[in-house]
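S.K.: My file is entry_37.cif. It has mmCIF, C-alpha atoms:
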data_target
#
loop_
_atom_site.label_atom_id
_atom_site.label_comp_id
_atom_site.auth_asym_id
_atom_site.auth_seq_id
_atom_site.Cartn_x
_atom_site.Cartn_y
_atom_site.Cartn_z
CA MET A 2 0.00 0.00 0.00
CA GLU A 3 2.76 2.44 0.92
CA VAL A 4 4.66 1.63 -2.25
CA LYS A 5 1.59 2.10 -4.41
CA VAL A 6 0.82 5.46 -2.82
CA LEU A 7 4.42 6.55 -3.33
CA LYS A 8 4.29 5.51 -6.99
CA ASN A 9 1.09 7.50 -7.49
CA ILE A 10 2.64 10.54 -5.84
CA LEU A 11 5.77 10.32 -7.96
CA GLY A 12 3.75 9.78 -11.16
CA ALA A 13 1.52 12.78 -10.46
CA ASN A 14 4.59 14.85 -9.59
CA GLU A 15 6.28 13.94 -12.87
CA GLN A 16 3.23 15.12 -14.85
CA LEU A 17 3.14 18.42 -13.00
CA ALA A 18 6.89 18.83 -13.50
CA GLU A 19 6.36 18.47 -17.26
CA LYS A 20 3.75 21.25 -17.13
CA ASN A 21 6.20 23.46 -15.24
CA ARG A 22 8.86 22.71 -17.82
CA ALA A 23 6.51 23.67 -20.69
CA LEU A 24 5.58 26.93 -18.96
CA LEU A 25 9.24 27.76 -18.33
CA ASP A 26 10.18 26.94 -21.96
CA GLU A 27 7.34 29.09 -23.26
CA ASN A 28 8.74 32.00 -21.24
CA LYS A 29 12.37 31.18 -22.12
CA VAL A 30 13.22 30.72 -18.45
CA PHE A 31 16.17 28.46 -17.60
CA ALA A 32 15.45 26.83 -14.23
CA VAL A 33 18.12 25.38 -11.95
CA ASN A 34 17.26 23.20 -8.96
CA ILE A 35 19.81 23.84 -6.18
CA MET A 36 20.07 20.98 -3.67
CA ALA A 37 22.32 20.50 -0.64
CA SER A 38 22.58 19.70 3.04
CA PRO A 39 21.43 22.38 5.47
CA GLY A 40 24.05 25.13 5.63
CA ALA A 41 26.11 24.05 2.62
CA GLY A 42 25.72 27.50 1.06
CA LYS A 43 22.72 27.36 -1.29
CA THR A 44 21.55 30.90 -0.56
CA SER A 45 25.12 32.24 -0.52
CA LEU A 46 25.80 30.78 -3.97
CA ILE A 47 22.57 32.25 -5.33
CA LEU A 48 23.38 35.69 -3.86
CA GLU A 49 26.93 35.68 -5.25
CA THR A 50 25.66 34.58 -8.67
CA ILE A 51 23.04 37.34 -8.78
CA LYS A 52 25.78 39.93 -8.11
CA ARG A 53 27.94 38.57 -10.92
CA LEU A 54 25.10 38.38 -13.47
CA LYS A 55 23.71 41.84 -12.74
CA GLY A 56 23.04 43.77 -15.98
CA LYS A 57 23.59 40.62 -18.07
CA THR A 58 21.04 38.00 -16.99
CA ARG A 59 17.73 38.62 -15.25
CA VAL A 60 17.52 36.27 -12.28
CA GLY A 61 14.49 35.13 -10.28
CA VAL A 62 14.46 32.92 -7.20
CA ILE A 63 12.13 30.42 -5.54
CA GLU A 64 13.19 29.76 -1.94
CA GLY A 65 12.12 26.46 -0.41
CA ASP A 66 12.24 26.00 3.36
CA VAL A 67 10.38 23.95 5.93
CA SER A 68 9.87 27.16 7.88
CA SER A 69 10.89 30.86 8.00
CA SER A 70 11.52 33.40 5.24
CA VAL A 71 15.06 34.48 6.12
CA ASP A 72 16.47 33.30 2.79
CA ALA A 73 13.84 35.09 0.68
CA GLU A 74 14.48 38.29 2.67
CA ALA A 75 18.20 38.04 1.96
CA VAL A 76 17.59 37.49 -1.76
CA SER A 77 15.03 40.27 -2.10
CA LYS A 78 17.66 42.77 -0.95
CA GLU A 79 19.40 42.08 -4.25
CA GLY A 80 16.37 43.49 -6.06
CA VAL A 81 15.34 40.32 -7.88
CA PRO A 82 11.88 38.71 -7.86
CA VAL A 83 11.67 36.05 -5.17
CA ILE A 84 8.96 33.78 -3.78
CA GLN A 85 9.29 31.88 -0.50
CA ILE A 86 7.71 28.44 -0.31
CA ASN A 87 7.25 27.08 3.21
CA THR A 88 6.69 23.35 2.90
CA GLY A 89 5.07 23.13 6.33
CA GLY A 90 7.08 20.12 7.41
CA SER A 91 7.73 18.45 4.07
CA CYS A 92 11.36 17.60 3.51
CA HIS A 93 11.58 18.53 -0.19
CA LEU A 94 9.96 20.72 -2.83
CA ASP A 95 7.57 19.11 -5.26
CA ALA A 96 6.31 20.15 -8.69
CA ASN A 97 2.99 21.36 -7.31
CA MET A 98 4.64 23.78 -4.86
CA VAL A 99 6.80 25.09 -7.70
CA ALA A 100 3.75 25.44 -10.00
CA ASN A 101 2.10 27.66 -7.38
CA ALA A 102 5.25 29.75 -7.04
CA LEU A 103 5.62 30.10 -10.83
CA ALA A 104 2.11 31.55 -11.01
CA SER A 105 3.26 34.42 -8.76
CA LEU A 106 6.52 35.20 -10.57
CA PRO A 107 6.94 37.64 -13.52
CA LEU A 108 8.27 34.91 -15.83
CA ALA A 109 8.56 37.21 -18.85
CA ASP A 110 11.14 39.22 -16.89
CA ILE A 111 13.27 36.24 -15.84
CA ASP A 112 16.04 34.50 -17.83
CA LEU A 113 17.44 32.32 -15.07
CA LEU A 114 15.38 30.93 -12.22
CA PHE A 115 17.07 29.45 -9.18
CA VAL A 116 14.90 27.03 -7.24
CA GLU A 117 16.52 26.57 -3.84
CA ASN A 118 15.32 23.24 -2.50
CA VAL A 119 14.88 22.35 1.18
CA GLY A 120 18.20 21.58 2.90
CA ASN A 121 18.29 17.81 2.60
CA LEU A 122 20.70 15.44 0.88
CA ILE A 123 18.19 12.62 0.34
CA CYS A 124 14.54 13.37 -0.38
CA PRO A 125 14.72 16.16 -3.02
CA ALA A 126 16.41 13.75 -5.46
CA GLY A 127 13.12 11.92 -6.09
CA PHE A 128 11.04 14.93 -7.07
CA ALA A 129 11.40 16.56 -10.49
CA LEU A 130 10.33 20.21 -10.47
CA GLY A 131 10.49 20.99 -14.19
CA GLU A 132 14.07 22.25 -13.94
CA GLN A 133 16.64 22.25 -16.77
CA ARG A 134 19.59 21.40 -14.52
CA LYS A 135 20.16 19.90 -11.08
CA VAL A 136 23.02 21.33 -9.04
CA ILE A 137 24.32 19.83 -5.81
CA ILE A 138 26.34 21.91 -3.44
CA SER A 139 28.61 19.94 -1.15
CA SER A 140 30.75 21.84 1.34
CA ILE A 141 34.24 21.16 2.67
CA PRO A 142 33.32 20.91 6.39
CA GLU A 143 30.72 18.22 5.61
CA GLY A 144 33.59 15.88 4.78
CA ASP A 145 34.81 14.04 1.70
CA ASP A 146 32.65 10.94 2.24
CA LYS A 147 29.29 12.51 1.39
CA PRO A 148 28.97 10.97 -2.11
CA LEU A 149 29.47 7.52 -0.56
CA LYS A 150 26.71 8.08 1.98
CA TYR A 151 24.18 9.93 -0.20
CA PRO A 152 24.77 8.40 -3.64
CA VAL A 153 21.30 8.94 -5.14
CA MET A 154 21.49 12.70 -4.91
CA PHE A 155 24.94 12.81 -6.50
CA HIS A 156 23.85 10.37 -9.20
CA GLU A 157 21.04 12.69 -10.24
CA ALA A 158 23.11 15.87 -10.39
CA ASP A 159 24.39 17.66 -13.49
CA VAL A 160 27.24 19.31 -11.59
CA VAL A 161 28.69 19.43 -8.07
CA VAL A 162 29.66 22.79 -6.64
CA LEU A 163 32.15 22.16 -3.84
CA ASN A 164 31.76 25.17 -1.57
CA LYS A 165 33.76 26.63 1.37
CA THR A 166 37.21 25.91 -0.08
CA ASP A 167 38.44 28.73 2.21
CA LEU A 168 38.06 26.24 5.08
CA LEU A 169 40.35 23.61 3.49
CA PRO A 170 43.34 24.56 5.71
CA TYR A 171 41.30 24.00 8.88
CA VAL A 172 39.47 20.70 8.31
CA ARG A 173 40.29 17.17 7.26
CA PHE A 174 39.13 16.89 3.64
CA SER A 175 40.77 15.06 0.74
CA LEU A 176 39.81 16.45 -2.66
CA ASP A 177 41.16 13.25 -4.13
CA ALA A 178 38.92 11.03 -1.95
CA PHE A 179 35.91 13.22 -2.79
CA SER A 180 36.60 13.01 -6.55
CA ARG A 181 37.13 9.26 -6.40
CA ALA A 182 33.88 8.73 -4.50
CA LEU A 183 32.01 10.84 -7.07
CA LYS A 184 33.55 9.01 -10.03
CA GLY A 185 32.18 5.76 -8.64
CA ILE A 186 28.67 7.16 -8.78
CA ASN A 187 28.60 9.36 -11.83
CA GLU A 188 31.71 9.31 -13.97
CA LYS A 189 30.95 12.42 -16.01
CA LEU A 190 30.07 14.65 -13.08
CA GLU A 191 32.03 17.89 -13.11
CA ILE A 192 33.23 19.41 -9.81
CA ILE A 193 33.48 23.19 -9.52
CA ALA A 194 35.34 24.19 -6.36
CA VAL A 195 34.31 27.58 -4.98
CA SER A 196 34.26 29.74 -1.90
CA CYS A 197 31.31 32.07 -1.56
CA THR A 198 33.29 33.83 1.18
CA SER A 199 36.54 34.50 -0.70
CA GLY A 200 35.03 34.46 -4.21
CA GLN A 201 37.42 31.75 -5.39
CA GLY A 202 36.05 29.69 -8.30
CA LEU A 203 32.83 31.66 -8.67
CA ASP A 204 33.79 32.81 -12.17
CA ASP A 205 34.09 29.14 -13.19
CA TRP A 206 30.64 28.48 -11.77
CA VAL A 207 29.12 31.46 -13.62
CA SER A 208 30.81 30.34 -16.86
CA TRP A 209 29.40 26.83 -16.44
CA LEU A 210 25.95 28.30 -15.89
CA GLU A 211 26.15 30.58 -18.94
CA LYS A 212 27.34 27.69 -21.09
CA GLN A 213 24.39 25.57 -19.95
CA MET A 214 21.95 28.38 -20.71
CA THR A 215 23.35 28.71 -24.24
CA ALA A 216 23.24 24.94 -24.80
CA ARG A 217 19.89 24.56 -22.99
CA MET B 30 -5.35 8.99 1.60
CA GLU B 31 -1.74 10.04 1.95
CA VAL B 32 -2.40 11.46 5.40
CA LYS B 33 -4.18 8.33 6.56
CA VAL B 34 -1.31 6.13 5.39
CA LEU B 35 1.18 8.38 7.17
CA LYS B 36 -0.86 8.19 10.39
CA ASN B 37 -0.91 4.40 10.19
CA ILE B 38 2.84 4.30 9.65
CA LEU B 39 3.52 6.62 12.59
CA GLY B 40 1.15 4.69 14.86
CA ALA B 41 2.78 1.37 14.03
CA ASN B 42 6.21 2.92 14.51
CA GLU B 43 5.25 4.24 17.96
CA GLN B 44 4.17 0.75 19.08
CA LEU B 45 7.43 -0.78 17.87
CA ALA B 46 9.40 2.00 19.59
CA GLU B 47 7.68 1.10 22.89
CA LYS B 48 8.77 -2.51 22.43
CA ASN B 49 12.34 -1.37 21.80
CA ARG B 50 12.21 0.77 24.92
CA ALA B 51 11.00 -2.16 27.03
CA LEU B 52 13.78 -4.39 25.69
CA LEU B 53 16.39 -1.71 26.38
CA ASP B 54 15.04 -1.13 29.92
CA GLU B 55 15.07 -4.85 30.62
CA ASN B 56 18.76 -4.91 29.68
CA LYS B 57 19.55 -1.63 31.48
CA VAL B 58 20.68 -0.03 28.22
CA PHE B 59 20.48 3.77 27.95
CA ALA B 60 19.83 4.63 24.29
CA VAL B 61 20.61 8.01 22.74
CA ASN B 62 19.33 8.98 19.29
CA ILE B 63 21.90 11.22 17.58
CA MET B 64 20.45 13.41 14.83
CA ALA B 65 22.05 16.05 12.61
CA SER B 66 22.64 17.32 9.09
CA PRO B 67 25.06 15.35 6.93
CA GLY B 68 28.61 16.06 8.05
CA ALA B 69 27.78 17.83 11.34
CA GLY B 70 29.96 15.38 13.27
CA LYS B 71 27.71 12.56 14.52
CA THR B 72 30.29 9.82 14.07
CA SER B 73 33.10 12.04 15.37
CA LEU B 74 31.15 12.81 18.56
CA ILE B 75 30.42 9.11 19.09
CA LEU B 76 34.09 8.18 18.55
CA GLU B 77 35.35 10.87 20.94
CA THR B 78 32.79 9.83 23.57
CA ILE B 79 33.77 6.16 23.34
CA LYS B 80 37.42 7.14 23.99
CA ARG B 81 36.47 9.17 27.07
CA LEU B 82 34.19 6.48 28.54
CA LYS B 83 36.61 3.59 28.04
CA GLY B 84 36.89 1.45 31.18
CA LYS B 85 33.89 3.24 32.77
CA THR B 86 30.86 2.74 30.53
CA ARG B 87 30.32 -0.03 28.00
CA VAL B 88 29.21 1.59 24.73
CA GLY B 89 27.43 0.06 21.73
CA VAL B 90 26.55 1.76 18.45
CA ILE B 91 23.90 1.47 15.74
CA GLU B 92 24.96 3.31 12.60
CA GLY B 93 22.20 4.48 10.25
CA ASP B 94 23.03 5.49 6.69
CA VAL B 95 21.27 5.48 3.36
CA SER B 96 24.27 3.66 1.94
CA SER B 97 27.84 2.53 2.79
CA SER B 98 29.37 1.20 5.99
CA VAL B 99 32.22 3.67 6.45
CA ASP B 100 30.89 4.91 9.81
CA ALA B 101 30.48 1.42 11.27
CA GLU B 102 34.01 0.56 10.15
CA ALA B 103 35.37 3.64 11.93
CA VAL B 104 33.47 2.78 15.13
CA SER B 105 34.44 -0.89 15.13
CA LYS B 106 38.12 0.14 15.28
CA GLU B 107 37.36 1.37 18.81
CA GLY B 108 36.53 -2.20 19.81
CA VAL B 109 32.86 -1.63 20.65
CA PRO B 110 29.90 -3.62 19.28
CA VAL B 111 28.43 -1.88 16.24
CA ILE B 112 25.70 -2.67 13.70
CA GLN B 113 25.30 -0.81 10.42
CA ILE B 114 21.77 -0.21 9.16
CA ASN B 115 21.53 0.74 5.49
CA THR B 116 18.08 2.23 4.96
CA GLY B 117 18.18 1.61 1.21
CA GLY B 118 16.97 5.08 0.31
CA SER B 119 14.88 5.93 3.35
CA CYS B 120 15.72 9.31 4.84
CA HIS B 121 15.47 8.34 8.53
CA LEU B 122 15.69 5.36 10.87
CA ASP B 123 12.47 3.85 12.14
CA ALA B 124 11.68 1.64 15.13
CA ASN B 125 11.54 -1.51 13.02
CA MET B 126 15.05 -1.03 11.66
CA VAL B 127 16.30 -0.44 15.21
CA ALA B 128 14.43 -3.53 16.48
CA ASN B 129 16.29 -5.65 13.91
CA ALA B 130 19.61 -4.12 14.92
CA LEU B 131 18.91 -4.66 18.65
CA ALA B 132 18.38 -8.36 17.97
CA SER B 133 21.99 -8.57 16.72
CA LEU B 134 23.63 -6.63 19.56
CA PRO B 135 24.93 -8.10 22.86
CA LEU B 136 22.60 -5.93 24.96
CA ALA B 137 23.70 -7.45 28.27
CA ASP B 138 27.19 -6.06 27.58
CA ILE B 139 26.07 -2.51 26.74
CA ASP B 140 25.34 0.36 29.17
CA LEU B 141 25.07 3.17 26.63
CA LEU B 142 23.81 2.71 23.08
CA PHE B 143 24.31 5.43 20.50
CA VAL B 144 21.88 5.28 17.60
CA GLU B 145 23.32 7.45 14.84
CA ASN B 146 20.42 8.48 12.65
CA VAL B 147 20.60 9.23 8.91
CA GLY B 148 22.07 12.69 8.20
CA ASN B 149 18.91 14.73 7.86
CA LEU B 150 17.56 17.71 9.80
CA ILE B 151 13.90 17.04 9.04
CA CYS B 152 12.55 13.50 8.71
CA PRO B 153 14.12 11.70 11.72
CA ALA B 154 12.18 13.96 14.12
CA GLY B 155 8.92 12.15 13.37
CA PHE B 156 10.13 8.64 14.17
CA ALA B 157 10.58 7.46 17.76
CA LEU B 158 13.09 4.61 18.05
CA GLY B 159 12.67 3.68 21.72
CA GLU B 160 15.50 6.01 22.80
CA GLN B 161 15.85 7.62 26.23
CA ARG B 162 17.24 10.91 24.90
CA LYS B 163 17.33 12.78 21.60
CA VAL B 164 20.48 14.73 20.82
CA ILE B 165 20.86 17.16 17.93
CA ILE B 166 24.27 18.12 16.70
CA SER B 167 24.42 21.45 14.92
CA SER B 168 27.77 22.61 13.57
CA ILE B 169 29.28 26.09 13.27
CA PRO B 170 29.79 26.09 9.47
CA GLU B 171 26.09 25.27 8.94
CA GLY B 172 25.25 28.77 10.18
CA ASP B 173 23.38 30.23 13.13
CA ASP B 174 19.95 30.20 11.43
CA LYS B 175 19.39 26.44 11.45
CA PRO B 176 16.89 26.40 14.37
CA LEU B 177 14.76 28.94 12.47
CA LYS B 178 14.69 26.81 9.35
CA TYR B 179 14.34 23.35 10.93
CA PRO B 180 12.30 24.05 14.07
CA VAL B 181 10.63 20.65 14.51
CA MET B 182 13.91 18.82 14.99
CA PHE B 183 15.15 21.32 17.57
CA HIS B 184 11.78 21.28 19.33
CA GLU B 185 12.04 17.52 19.84
CA ALA B 186 15.60 17.51 21.17
CA ASP B 187 16.75 17.07 24.77
CA VAL B 188 20.04 18.87 24.16
CA VAL B 189 21.91 20.59 21.34
CA VAL B 190 25.58 19.82 20.86
CA LEU B 191 27.10 22.70 18.90
CA ASN B 192 30.10 21.17 17.18
CA LYS B 193 33.15 22.52 15.29
CA THR B 194 33.75 25.50 17.59
CA ASP B 195 37.36 25.39 16.32
CA LEU B 196 36.01 26.91 13.08
CA LEU B 197 34.45 29.95 14.81
CA PRO B 198 37.34 32.26 13.84
CA TYR B 199 36.87 31.44 10.15
CA VAL B 200 33.11 31.61 9.53
CA ARG B 201 30.26 34.02 10.17
CA PHE B 202 28.38 32.58 13.13
CA SER B 203 26.74 34.42 16.02
CA LEU B 204 26.39 32.29 19.16
CA ASP B 205 23.94 34.88 20.38
CA ALA B 206 21.72 34.61 17.29
CA PHE B 207 21.83 30.80 17.52
CA SER B 208 20.82 30.83 21.20
CA ARG B 209 18.03 33.32 20.60
CA ALA B 210 16.63 31.25 17.72
CA LEU B 211 16.70 28.14 19.93
CA LYS B 212 15.01 29.87 22.85
CA GLY B 213 12.09 30.75 20.57
CA ILE B 214 11.55 27.05 19.85
CA ASN B 215 12.39 25.29 23.09
CA GLU B 216 13.19 27.53 26.05
CA LYS B 217 14.77 24.86 28.25
CA LEU B 218 17.07 23.44 25.62
CA GLU B 219 20.68 23.32 26.80
CA ILE B 220 23.52 24.05 24.36
CA ILE B 221 26.84 22.27 24.82
CA ALA B 222 29.53 23.82 22.60
CA VAL B 223 32.24 21.37 21.57
CA SER B 224 34.94 20.70 19.05
CA CYS B 225 35.58 17.07 18.21
CA THR B 226 38.81 18.21 16.56
CA SER B 227 40.34 20.21 19.45
CA GLY B 228 38.49 18.39 22.25
CA GLN B 229 37.03 21.63 23.64
CA GLY B 230 33.80 21.10 25.58
CA LEU B 231 33.78 17.31 25.27
CA ASP B 232 34.11 16.88 29.04
CA ASP B 233 30.91 18.93 29.46
CA TRP B 234 29.18 16.68 26.97
CA VAL B 235 30.33 13.52 28.72
CA SER B 236 29.21 14.95 32.09
CA TRP B 237 25.78 15.75 30.66
CA LEU B 238 25.51 12.21 29.33
CA GLU B 239 26.55 10.61 32.64
CA LYS B 240 24.07 12.78 34.51
CA GLN B 241 21.28 11.69 32.18
CA MET B 242 22.20 8.03 32.62
CA THR B 243 22.04 8.38 36.40
CA ALA B 244 18.71 10.22 36.25
CA ARG B 245 17.38 7.93 33.46
#
For the file at hand, write its structure as structure tokens.
M.R.:
Amino acid sequence: MEVKVLKNILGANEQLAEKNRALLDENKVFAVNIMASPGAGKTSLILETIKRLKGKTRVGVIEGDVSSSVDAEAVSKEGVPVIQINTGGSCHLDANMVANALASLPLADIDLLFVENVGNLICPAGFALGEQRKVIISSIPEGDDKPLKYPVMFHEADVVVLNKTDLLPYVRFSLDAFSRALKGINEKLEIIAVSCTSGQGLDDWVSWLEKQMTAR
Amino acid sequence: MEVKVLKNILGANEQLAEKNRALLDENKVFAVNIMASPGAGKTSLILETIKRLKGKTRVGVIEGDVSSSVDAEAVSKEGVPVIQINTGGSCHLDANMVANALASLPLADIDLLFVENVGNLICPAGFALGEQRKVIISSIPEGDDKPLKYPVMFHEADVVVLNKTDLLPYVRFSLDAFSRALKGINEKLEIIAVSCTSGQGLDDWVSWLEKQMTAR
């Protein structure tokens, strides 16, 4: 019974995700689903990207959180359209929540839409939102074994942004072990190492993003 | 339909958790459910505690992970009984998984049982395991806004261990903001600040634990 219900939920979600995708395509919006553990730097990466794309690419943001609106408040200070979704306990965004948010966003004025998922390295992987790309942020202090422990998420991703490289001198983290663990899961997965604090690597991330938007 | 299924699942889980609790009581085992984001330091805290309790308190460990057995391997090097649960995709431990693990542990030889939950700051909160205490580890690099964003988990906890204080000089984190956010959720919640790397605060943590075991 549980399995059947879950299948129905996932099937219905997939259909809604396709509708979202069609709406986004119609409005030429490139949507990126940003997934990570709590505190890995999802909002920081979005904020830093907005600053670097200012005047070039019109960004919009959907903020997903179980509770609070602190992330949406931070983003709105950058002067971009933003909608906060509070999932009310649910551990991931789903296509229906995103559909509701899309209806409140000025899609004609957005080129790039960041959808910041709930901080969770497991559940969001199962729910398509209608996005063009899936980005995982993993951060140095979380440790180099995260791909081994949360393989599904890393298997689904289009790219891994490895954040907080400024903390490398202070924690035990082997870039080599991290890369090897990732290769075992998804051989083609690119790693972009960045620090949202020092700015290191952010140009590489923005270039990757712009290349994806051109390629679609 | 979904809600009804969820209620049934939670009800059945609660009954199994009571059975686990009775079995643990019968064997005079004090069980502690350790919950946190991925990479907050659950395994590190368990390892450091085992070292400090050696010769005084007989520790056992249940390791919960979506995948891999790296944590159980690390713990077994300390010479304590350990069982790895792989949830096979599930984002939290439940009482049934713990019941199966208990059946394989030498309970008569264990005074203190750590149950390391899956790295997740949302889903584990809803599933009782039969534990005596719930501990949340929050870590400095995750940021001081985590209680605001994941209130249910912090509401359920008996204590918050704030780990990685050695990184305080290198990241933006306000202890005051963290404490204030916590007070809004659970006024009596104690915070024990530690660093599993430098050892700072670990004696306070061990004292708290010993006090709880005496009080039961």
S.K.: Could you give me the axis-aligned bounding box of segment 46-56 of chain B, with 5 Å of padding per side, as centre plus edge lengths in Å to one decimal, as JSON?
M.R.:
{"center_x": 13.2, "center_y": -1.5, "center_z": 25.1, "size_x": 21.1, "size_y": 16.9, "size_z": 21.0}
S.K.: Do a neighbour search on segment 134-138 of chain A at 8 Å with only C-alpha atoms, toss out local chain neighbours closer than 5 positions, and write the hits as a PyMOL selection string.
M.R.: chain A and resi 32-38+41-43+154-155+157-164
S.K.: Would you give me, as a Markdown table, each residue of segment 116-139 of chain B having an atom within 9 Å of an atom of segment 96-103 of chain B, along with its shortest atom pair and that distance in Å to one decimal, using all atoms listed in the file and sorting by chain and residue number?
M.R.:
| residue | atom | partner | partner_atom | distance |
| --- | --- | --- | --- | --- |
| B:Thr116 | CA | B:Ser96 | CA | 7.0 |
| B:Gly117 | CA | B:Ser96 | CA | 6.5 |
| B:Gly118 | CA | B:Ser96 | CA | 7.6 |
S.K.: Check what the PyMOL selection byres ((chain B and resi 68) around 12) selects in the file above and give those residues as a ChimeraX atom specification.
M.R.: /A:37-41,121-122,139-148,150-151,172-174 /B:64-67,69-74,100,147-150,166-171,192-193
S.K.: Could you work out how far atom CA of Ile84 of chain A lies from atom CA of Gln201 of chain A, giving the answer in Å with one decimal?
M.R.: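 Computing the Euclidean distance for atom CA of Gln201 of chain A and atom CA of Ile84 of chain A yields 28.6 Å.
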S.K.: What's the 12 Å shell around Pro82 of chain A, counting all atoms listed in the file, without same-chain residues fewer than 6 positions away, as a PDB file with C-alpha atoms, keeping the file's coordinate frame?
M.R.:
ATOM      1  CA  ILE A  51      23.040  37.340  -8.780  1.00  0.00           C
ATOM      2  CA  ARG A  59      17.730  38.620 -15.250  1.00  0.00           C
ATOM      3  CA  VAL A  60      17.520  36.270 -12.280  1.00  0.00           C
ATOM      4  CA  GLY A  61      14.490  35.130 -10.280  1.00  0.00           C
ATOM      5  CA  VAL A  62      14.460  32.920  -7.200  1.00  0.00           C
ATOM      6  CA  ILE A  63      12.130  30.420  -5.540  1.00  0.00           C
ATOM      7  CA  GLU A  64      13.190  29.760  -1.940  1.00  0.00           C
ATOM      8  CA  ALA A  73      13.840  35.090   0.680  1.00  0.00           C
ATOM      9  CA  GLU A  74      14.480  38.290   2.670  1.00  0.00           C
ATOM     10  CA  ALA A  75      18.200  38.040   1.960  1.00  0.00           C
ATOM     11  CA  VAL A  76      17.590  37.490  -1.760  1.00  0.00           C
ATOM     12  CA  ALA A 102       5.250  29.750  -7.040  1.00  0.00           C
ATOM     13  CA  LEU A 103       5.620  30.100 -10.830  1.00  0.00           C
ATOM     14  CA  SER A 105       3.260  34.420  -8.760  1.00  0.00           C
ATOM     15  CA  LEU A 106       6.520  35.200 -10.570  1.00  0.00           C
ATOM     16  CA  PRO A 107       6.940  37.640 -13.520  1.00  0.00           C
ATOM     17  CA  LEU A 108       8.270  34.910 -15.830  1.00  0.00           C
ATOM     18  CA  ALA A 109       8.560  37.210 -18.850  1.00  0.00           C
ATOM     19  CA  ASP A 110      11.140  39.220 -16.890  1.00  0.00           C
ATOM     20  CA  ILE A 111      13.270  36.240 -15.840  1.00  0.00           C
ATOM     21  CA  ASP A 112      16.040  34.500 -17.830  1.00  0.00           C
ATOM     22  CA  LEU A 113      17.440  32.320 -15.070  1.00  0.00           C
ATOM     23  CA  LEU A 114      15.380  30.930 -12.220  1.00  0.00           C
ATOM     24  CA  PHE A 115      17.070  29.450  -9.180  1.00  0.00           C
TER      25      PHE A 115
END
S.K.: So how many Å separate atom CA of Gly65 of chain A and atom CA of Ala100 of chain A, to one decimal?
M.R.: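 Interatomic distance here is 12.8 Å.
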S.K.: Any idea what the distance is between atom CA of Glu77 of chain B and atom CA of Leu231 of chain B?
M.R.: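 So the answer is 7.9 Å.
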S.K.: List the residues matched by the PyMOL selection byres ((chain B and resi 215) around 9) in the displayed structure as number ranges by chain, ordered by chain and then by residue number.
M.R.: B: 183-186, 211-214, 216-218
S.K.: My list of candidates is A:Asn14, A:Gln133, A:Thr166, A:Gln85. Which is closest to Lys29 of chain A when distances are computed with only C-alpha atoms?
M.R.: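 When distances to Lys29 of chain A are compared using only C-alpha atoms, the smallest one comes from A:Gln133.
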S.K.: How would you write, as an mmCIF file with C-alpha atoms, in the coordinates of the input, the residues chosen by the PyMOL selection byres ((chain A and resi 171) around 9) on this structure?
M.R.:
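Just written: selection.cif:
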data_model
loop_
_atom_site.group_PDB
_atom_site.id
_atom_site.type_symbol
_atom_site.label_atom_id
_atom_site.label_comp_id
_atom_site.auth_asym_id
_atom_site.auth_seq_id
_atom_site.Cartn_x
_atom_site.Cartn_y
_atom_site.Cartn_z
ATOM 1 C CA PRO A 142 33.320 20.910 6.390
ATOM 2 C CA ASP A 167 38.440 28.730 2.210
ATOM 3 C CA LEU A 168 38.060 26.240 5.080
ATOM 4 C CA LEU A 169 40.350 23.610 3.490
ATOM 5 C CA PRO A 170 43.340 24.560 5.710
ATOM 6 C CA VAL A 172 39.470 20.700 8.310
ATOM 7 C CA ARG A 173 40.290 17.170 7.260
ATOM 8 C CA ASP B 195 37.360 25.390 16.320
ATOM 9 C CA LEU B 196 36.010 26.910 13.080
ATOM 10 C CA TYR B 199 36.870 31.440 10.150
#
S.K.: Please determine, counting only C-alpha atoms, which residue among B:Ser203, B:Gln44, B:Asn37, B:Asn125 has the shortest atom-to-atom distance to chain A.
M.R.: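 Checking each of B:Ser203, B:Gln44, B:Asn37, B:Asn125 against chain A, counting only C-alpha atoms, the winner is B:Asn37.
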S.K.: Which residue out of A:Leu25, A:Val67, A:Ala96, A:Ser199 has the minimum interatomic distance to Ala13 of chain A when all atoms listed in the file are used?
M.R.: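 For Ala13 of chain A, the nearest of the candidates is A:Ala96.
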S.K.: Which neighbours of Val235 of chain B fall inside 9 Å, counting only C-alpha atoms, when residues of the same chain fewer than 4 positions from it are skipped, and could you give them as an mmCIF file with C-alpha atoms, in the frame of the given file?
M.R.:
data_model
loop_
_atom_site.group_PDB
_atom_site.id
_atom_site.type_symbol
_atom_site.label_atom_id
_atom_site.label_comp_id
_atom_site.auth_asym_id
_atom_site.auth_seq_id
_atom_site.Cartn_x
_atom_site.Cartn_y
_atom_site.Cartn_z
ATOM 1 C CA THR B 78 32.790 9.830 23.570
ATOM 2 C CA ARG B 81 36.470 9.170 27.070
ATOM 3 C CA LEU B 82 34.190 6.480 28.540
ATOM 4 C CA GLY B 230 33.800 21.100 25.580
ATOM 5 C CA LEU B 231 33.780 17.310 25.270
ATOM 6 C CA GLU B 239 26.550 10.610 32.640
ATOM 7 C CA LYS B 240 24.070 12.780 34.510
#
S.K.: Closest to chain B among A:Lys8, A:Arg181, A:Lys52, A:Lys57, using all atoms listed in the file?
M.R.: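 Among A:Lys8, A:Arg181, A:Lys52, A:Lys57, it is A:Lys8 that comes nearest to chain B.
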S.K.: Can you work out which one of A:Ser196, A:Ser180, A:Asn28, A:Ser77 has the shortest atom-to-atom distance to chain B, counting all atoms listed in the file?
M.R.: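 That would be A:Ser196, the residue with the smallest distance to chain B.
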